[in-house]
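Asker: Handing you this structure, nothing more for now.
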Amino acid sequence: MTRTLASRVIVLLLILAGAFPQVGASQTVSSARLHAPWDELLHQFVTPEGLVDYQGLLEQEDKLLDYLLAQRKVSPEAAGWSAAEQEAYWINIYNAATVYMVLQYYPLSNVNDIRLKGKVHSLWEAPSVQVGGQEYSLNQIEREKLTARFQDPRLHFALVQGAMSGPQLLPEAYEGAQLAQQLERQTRRFLNDPARNVLAGAQPQLSSLFNFYAAEFGSRTQLLEFVNRYAPMPVAATAPIEFLPFSWALNDRQPLSATQALHK
(Lines give C-alpha, C1' and ligand atoms only; values in the text may rest on other atoms or scores of the structure.)
Protein backbone atom coordinates (compact mmCIF):
# COMPACT_ATOMS: atom_id res chain seq x y z
CA MET A 1 0.00 0.00 0.00
CA THR A 2 1.45 3.32 -1.06
CA ARG A 3 1.02 6.32 1.20
CA THR A 4 1.72 9.99 0.70
CA LEU A 5 4.82 11.42 2.37
CA ALA A 6 2.68 13.37 4.83
CA SER A 7 0.75 10.29 5.98
CA ARG A 8 3.94 8.29 6.40
CA VAL A 9 5.48 10.98 8.57
CA ILE A 10 2.32 11.09 10.71
CA VAL A 11 2.57 7.33 11.27
CA LEU A 12 6.23 7.69 12.20
CA LEU A 13 5.48 10.42 14.74
CA LEU A 14 2.66 8.35 16.26
CA ILE A 15 5.03 5.42 16.70
CA LEU A 16 7.53 7.57 18.55
CA ALA A 17 4.81 9.13 20.67
CA GLY A 18 3.59 5.69 21.73
CA ALA A 19 0.14 6.18 20.20
CA PHE A 20 -0.15 2.56 19.09
CA PRO A 21 -1.08 -0.22 21.52
CA GLN A 22 1.71 -2.49 22.62
CA VAL A 23 1.70 -5.54 20.41
CA GLY A 24 3.95 -8.40 19.42
CA ALA A 25 6.80 -10.03 21.24
CA SER A 26 7.19 -10.41 24.97
CA GLN A 27 10.42 -10.85 26.84
CA THR A 28 10.01 -14.65 26.75
CA VAL A 29 10.04 -14.92 22.95
CA SER A 30 13.25 -16.33 21.47
CA SER A 31 15.40 -13.82 19.64
CA ALA A 32 15.32 -15.89 16.42
CA ARG A 33 11.52 -16.00 16.42
CA LEU A 34 11.30 -12.30 17.19
CA HIS A 35 13.37 -11.42 14.11
CA ALA A 36 11.55 -13.82 11.75
CA PRO A 37 9.45 -11.07 10.07
CA TRP A 38 12.56 -8.97 9.43
CA ASP A 39 14.40 -12.04 8.13
CA GLU A 40 11.58 -12.74 5.66
CA LEU A 41 11.63 -9.17 4.38
CA LEU A 42 15.40 -9.26 3.94
CA HIS A 43 15.23 -12.48 1.94
CA GLN A 44 12.51 -11.02 -0.27
CA PHE A 45 13.74 -7.48 -0.88
CA VAL A 46 17.54 -7.45 -0.54
CA THR A 47 19.70 -8.50 -3.47
CA PRO A 48 22.83 -10.68 -3.14
CA GLU A 49 24.80 -7.46 -3.65
CA GLY A 50 23.18 -5.92 -0.57
CA LEU A 51 20.94 -3.46 -2.43
CA VAL A 52 17.37 -2.86 -1.31
CA ASP A 53 14.24 -3.03 -3.44
CA TYR A 54 12.60 -0.08 -1.70
CA GLN A 55 9.83 0.17 -4.28
CA GLY A 56 8.84 -3.44 -3.67
CA LEU A 57 9.27 -3.12 0.09
CA LEU A 58 6.73 -0.29 0.15
CA GLU A 59 4.09 -2.95 -0.50
CA GLN A 60 5.17 -4.71 2.72
CA GLU A 61 5.67 -1.55 4.76
CA ASP A 62 3.02 -2.60 7.29
CA LYS A 63 4.89 -5.82 8.03
CA LEU A 64 8.06 -3.88 8.77
CA LEU A 65 6.07 -1.46 10.93
CA ASP A 66 4.57 -4.35 12.93
CA TYR A 67 8.06 -5.72 13.53
CA LEU A 68 9.28 -2.39 14.88
CA LEU A 69 6.16 -1.89 17.01
CA ALA A 70 6.74 -5.28 18.61
CA GLN A 71 10.00 -3.98 20.07
CA ARG A 72 8.12 -1.71 22.47
CA LYS A 73 7.62 -4.68 24.81
CA VAL A 74 11.11 -6.13 24.44
CA SER A 75 13.93 -5.60 26.90
CA PRO A 76 16.97 -7.45 25.51
CA GLU A 77 19.00 -7.10 28.70
CA ALA A 78 16.20 -8.66 30.78
CA ALA A 79 15.12 -11.35 28.33
CA GLY A 80 17.67 -13.96 29.36
CA TRP A 81 19.44 -13.81 26.02
CA SER A 82 23.15 -14.36 25.54
CA ALA A 83 25.46 -11.43 24.81
CA ALA A 84 25.61 -12.53 21.16
CA GLU A 85 21.81 -12.58 20.93
CA GLN A 86 21.62 -9.09 22.41
CA GLU A 87 24.25 -7.81 20.00
CA ALA A 88 22.42 -9.37 17.05
CA TYR A 89 19.17 -7.87 18.33
CA TRP A 90 20.45 -4.30 18.30
CA ILE A 91 22.06 -4.72 14.87
CA ASN A 92 18.73 -5.91 13.46
CA ILE A 93 16.79 -3.08 15.08
CA TYR A 94 19.27 -0.48 13.81
CA ASN A 95 19.07 -1.78 10.25
CA ALA A 96 15.29 -2.24 10.26
CA ALA A 97 14.72 1.26 11.67
CA THR A 98 17.04 2.72 9.02
CA VAL A 99 15.17 0.99 6.21
CA TYR A 100 11.79 2.01 7.63
CA MET A 101 12.88 5.63 7.93
CA VAL A 102 14.02 5.62 4.30
CA LEU A 103 10.63 4.26 3.25
CA GLN A 104 8.90 7.21 4.92
CA TYR A 105 10.74 9.59 2.59
CA TYR A 106 10.98 7.39 -0.50
CA PRO A 107 11.48 8.12 -3.34
CA LEU A 108 14.81 9.81 -2.72
CA SER A 109 18.27 9.46 -4.19
CA ASN A 110 20.50 10.43 -1.24
CA VAL A 111 20.23 9.48 2.43
CA ASN A 112 21.37 12.95 3.49
CA ASP A 113 18.18 14.37 1.98
CA ILE A 114 16.28 13.04 5.01
CA ARG A 115 15.69 15.63 7.72
CA LEU A 116 13.38 15.12 10.70
CA LYS A 117 11.83 17.27 13.42
CA GLY A 118 11.50 20.52 11.50
CA LYS A 119 14.29 19.54 9.09
CA VAL A 120 16.88 19.94 11.84
CA HIS A 121 17.77 16.37 12.76
CA SER A 122 19.43 13.91 10.43
CA LEU A 123 18.27 10.34 10.00
CA TRP A 124 20.68 9.24 12.74
CA GLU A 125 19.97 11.94 15.31
CA ALA A 126 16.18 11.83 15.60
CA PRO A 127 14.36 9.23 17.75
CA SER A 128 13.48 6.38 15.41
CA VAL A 129 12.35 3.35 17.44
CA GLN A 130 11.04 2.38 20.86
CA VAL A 131 12.55 -0.60 22.67
CA GLY A 132 11.23 -1.58 26.06
CA GLY A 133 9.25 1.65 26.19
CA GLN A 134 12.30 3.87 25.64
CA GLU A 135 12.98 5.90 22.51
CA TYR A 136 16.31 5.55 20.74
CA SER A 137 17.93 7.33 17.86
CA LEU A 138 20.13 5.35 15.50
CA ASN A 139 23.18 7.08 16.96
CA GLN A 140 22.16 6.00 20.47
CA ILE A 141 21.76 2.39 19.39
CA GLU A 142 25.14 2.42 17.69
CA ARG A 143 27.06 4.16 20.47
CA GLU A 144 25.31 3.13 23.68
CA LYS A 145 23.90 -0.31 22.91
CA LEU A 146 26.55 -1.65 20.55
CA THR A 147 29.90 0.13 20.40
CA ALA A 148 30.25 0.94 24.10
CA ARG A 149 29.18 -2.48 25.27
CA PHE A 150 30.65 -4.90 22.74
CA GLN A 151 33.69 -2.92 21.54
CA ASP A 152 33.79 -4.88 18.29
CA PRO A 153 34.86 -2.82 15.23
CA ARG A 154 33.29 -5.45 12.95
CA LEU A 155 29.95 -3.91 13.91
CA HIS A 156 30.63 -1.09 11.48
CA PHE A 157 30.39 -3.53 8.58
CA ALA A 158 26.99 -4.78 9.76
CA LEU A 159 25.25 -1.47 10.54
CA VAL A 160 23.73 -0.14 7.35
CA GLN A 161 23.32 3.59 6.75
CA GLY A 162 21.38 3.16 3.51
CA ALA A 163 24.34 4.59 1.58
CA MET A 164 26.13 3.10 -1.41
CA SER A 165 29.56 3.47 0.21
CA GLY A 166 28.38 1.91 3.46
CA PRO A 167 28.20 -1.79 4.28
CA GLN A 168 26.01 -4.01 2.15
CA LEU A 169 22.78 -5.07 3.85
CA LEU A 170 22.93 -8.76 4.69
CA PRO A 171 19.93 -10.54 3.10
CA GLU A 172 19.15 -12.31 6.36
CA ALA A 173 18.65 -11.31 9.98
CA TYR A 174 21.56 -11.48 12.39
CA GLU A 175 21.26 -14.32 14.91
CA GLY A 176 23.16 -14.90 18.12
CA ALA A 177 24.16 -18.46 17.22
CA GLN A 178 25.63 -17.32 13.90
CA LEU A 179 26.72 -13.81 14.81
CA ALA A 180 30.47 -14.43 14.89
CA GLN A 181 30.40 -16.00 11.43
CA GLN A 182 28.08 -13.32 10.06
CA LEU A 183 30.29 -10.49 11.30
CA GLU A 184 33.41 -12.18 9.93
CA ARG A 185 31.73 -12.67 6.56
CA GLN A 186 30.49 -9.09 6.38
CA THR A 187 33.87 -7.64 7.33
CA ARG A 188 35.70 -9.74 4.77
CA ARG A 189 33.10 -8.92 2.14
CA PHE A 190 33.46 -5.19 2.76
CA LEU A 191 37.25 -5.17 2.65
CA ASN A 192 37.32 -7.33 -0.47
CA ASP A 193 34.96 -5.05 -2.38
CA PRO A 194 37.01 -2.87 -4.78
CA ALA A 195 34.19 -0.31 -4.86
CA ARG A 196 34.72 0.29 -1.15
CA ASN A 197 38.44 -0.36 -0.67
CA VAL A 198 41.28 -0.20 -3.21
CA LEU A 199 44.13 -2.16 -1.68
CA ALA A 200 46.24 -2.90 -4.75
CA GLY A 201 49.15 -0.67 -5.64
CA ALA A 202 51.62 1.40 -3.69
CA GLN A 203 49.02 3.77 -2.24
CA PRO A 204 46.05 1.87 -0.76
CA GLN A 205 42.71 3.63 -0.43
CA LEU A 206 40.45 2.58 2.42
CA SER A 207 36.79 3.25 2.96
CA SER A 208 36.07 6.46 4.82
CA LEU A 209 34.39 4.31 7.47
CA PHE A 210 37.88 3.63 8.82
CA ASN A 211 38.36 7.37 9.12
CA PHE A 212 34.91 8.03 10.61
CA TYR A 213 35.57 5.47 13.36
CA ALA A 214 39.33 5.91 13.63
CA ALA A 215 39.31 5.80 17.44
CA GLU A 216 37.79 2.33 17.40
CA PHE A 217 40.42 0.93 15.05
CA GLY A 218 43.26 2.26 17.17
CA SER A 219 46.70 3.29 15.99
CA ARG A 220 47.90 3.03 12.41
CA THR A 221 49.58 -0.26 13.29
CA GLN A 222 46.38 -1.64 14.80
CA LEU A 223 44.35 -0.45 11.83
CA LEU A 224 46.63 -2.23 9.36
CA GLU A 225 46.58 -5.37 11.48
CA PHE A 226 42.80 -5.33 11.30
CA VAL A 227 42.73 -4.65 7.55
CA ASN A 228 45.30 -7.33 6.77
CA ARG A 229 43.31 -9.90 8.72
CA TYR A 230 40.59 -9.68 6.06
CA ALA A 231 42.18 -8.09 2.99
CA PRO A 232 42.79 -10.12 -0.19
CA MET A 233 46.37 -8.83 -0.19
CA PRO A 234 48.45 -7.40 2.66
CA VAL A 235 48.92 -3.66 2.96
CA ALA A 236 52.54 -2.76 3.67
CA ALA A 237 53.21 -1.16 7.04
CA THR A 238 54.97 1.74 5.32
CA ALA A 239 52.31 2.34 2.66
CA PRO A 240 50.66 5.79 2.74
CA ILE A 241 46.94 5.44 3.44
CA GLU A 242 44.24 7.49 1.76
CA PHE A 243 40.49 7.38 2.33
CA LEU A 244 38.01 7.14 -0.51
CA PRO A 245 35.19 9.69 -0.83
CA PHE A 246 32.01 8.42 0.80
CA SER A 247 28.88 8.29 -1.35
CA TRP A 248 25.60 8.85 0.49
CA ALA A 249 23.59 7.87 -2.58
CA LEU A 250 20.76 5.54 -1.55
CA ASN A 251 21.49 1.81 -1.72
CA ASP A 252 18.50 1.34 -3.98
CA ARG A 253 18.24 -1.62 -6.34
CA GLN A 254 16.71 0.77 -8.85
CA PRO A 255 18.46 4.14 -8.34
CA LEU A 256 16.29 7.16 -9.01
CA SER A 257 17.18 10.10 -11.16
CA ALA A 258 17.23 13.51 -9.49
CA THR A 259 13.93 14.32 -11.22
CA GLN A 260 12.27 11.15 -9.94
CA ALA A 261 13.51 11.73 -6.40
CA LEU A 262 11.98 15.20 -6.31
CA HIS A 263 8.65 14.01 -7.69
CA LYS A 264 6.81 12.81 -4.55
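Just remember, in the C-alpha coordinates the first chain shown is A, the second B, etc., residues are 1-based per chain, and ligands are 1-based in the order shown.
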Skip range 181-195 of chain A itself and residues of its chain fewer than 3 positions away, then list as number ranges by chain all residues within 8 Å of it, counting only C-alpha atoms.

Answerer: A: 154-155, 157-158, 165, 167-168, 170, 174, 178, 198-199, 227, 230-232

Asker: Check which residues of range 60-92 of chain A sit at most 12 Å from range 43-53 of chain A using only C-alpha atoms, and return one row each with the closest pair of atoms and their distance in Å to one decimal, ordered by chain and rising number, as CSV.

Answerer:
```
residue,atom,partner,partner_atom,distance
A:Gln60,CA,A:Phe45,CA,9.7
A:Glu61,CA,A:Phe45,CA,11.5
A:Leu64,CA,A:Phe45,CA,11.8
```

Asker: Please save N, CA and C atoms of the selected residues as a PDB file, in the first residue's frame.

Answerer:
```
ATOM      1  N   GLN A  60       5.132  -3.954   1.467  1.00  0.00           N
ATOM      2  CA  GLN A  60       5.171  -4.714   2.718  1.00  0.00           C
ATOM      3  C   GLN A  60       5.529  -3.808   3.895  1.00  0.00           C
ATOM      4  N   GLU A  61       5.299  -2.524   3.730  1.00  0.00           N
ATOM      5  CA  GLU A  61       5.668  -1.551   4.759  1.00  0.00           C
ATOM      6  C   GLU A  61       4.996  -1.855   6.096  1.00  0.00           C
ATOM      7  N   LEU A  64       6.880  -4.444   8.124  1.00  0.00           N
ATOM      8  CA  LEU A  64       8.061  -3.877   8.773  1.00  0.00           C
ATOM      9  C   LEU A  64       7.649  -3.021   9.968  1.00  0.00           C
TER      10      LEU A  64
END
```

Asker: Write out as a VMD selection string all residues of range 8-193 of chain A that backbone DSSP assigns to alpha helix (DSSP H).

Answerer: chain A and resid 8 to 17 31 to 34 36 to 45 54 to 57 61 to 70 83 to 105 138 to 140 148 to 150 179 to 191

Asker: Nearest residue to Asn95 in chain A out of A:Lys73, A:His35, A:Arg220, A:Arg253, using only C-alpha atoms?

Answerer: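 Closest to Asn95 in chain A of all the choices is A:His35.
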
Asker: For CA of Leu209 in chain A and CA of Ser82 in chain A, determine how far apart the two atoms are, in Å to one decimal place.

Answerer: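 Taking CA of Leu209 in chain A and CA of Ser82 in chain A, their separation equals 28.3 Å.
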
Asker: For a quick check of understanding, using only C-alpha atoms, which of A:Gly218, A:Gly176, A:Gly201, A:Gly132 has the smallest distance to Pro153 in chain A?

Answerer: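 Once distances to Pro153 in chain A are computed over only C-alpha atoms, the minimum belongs to A:Gly218.
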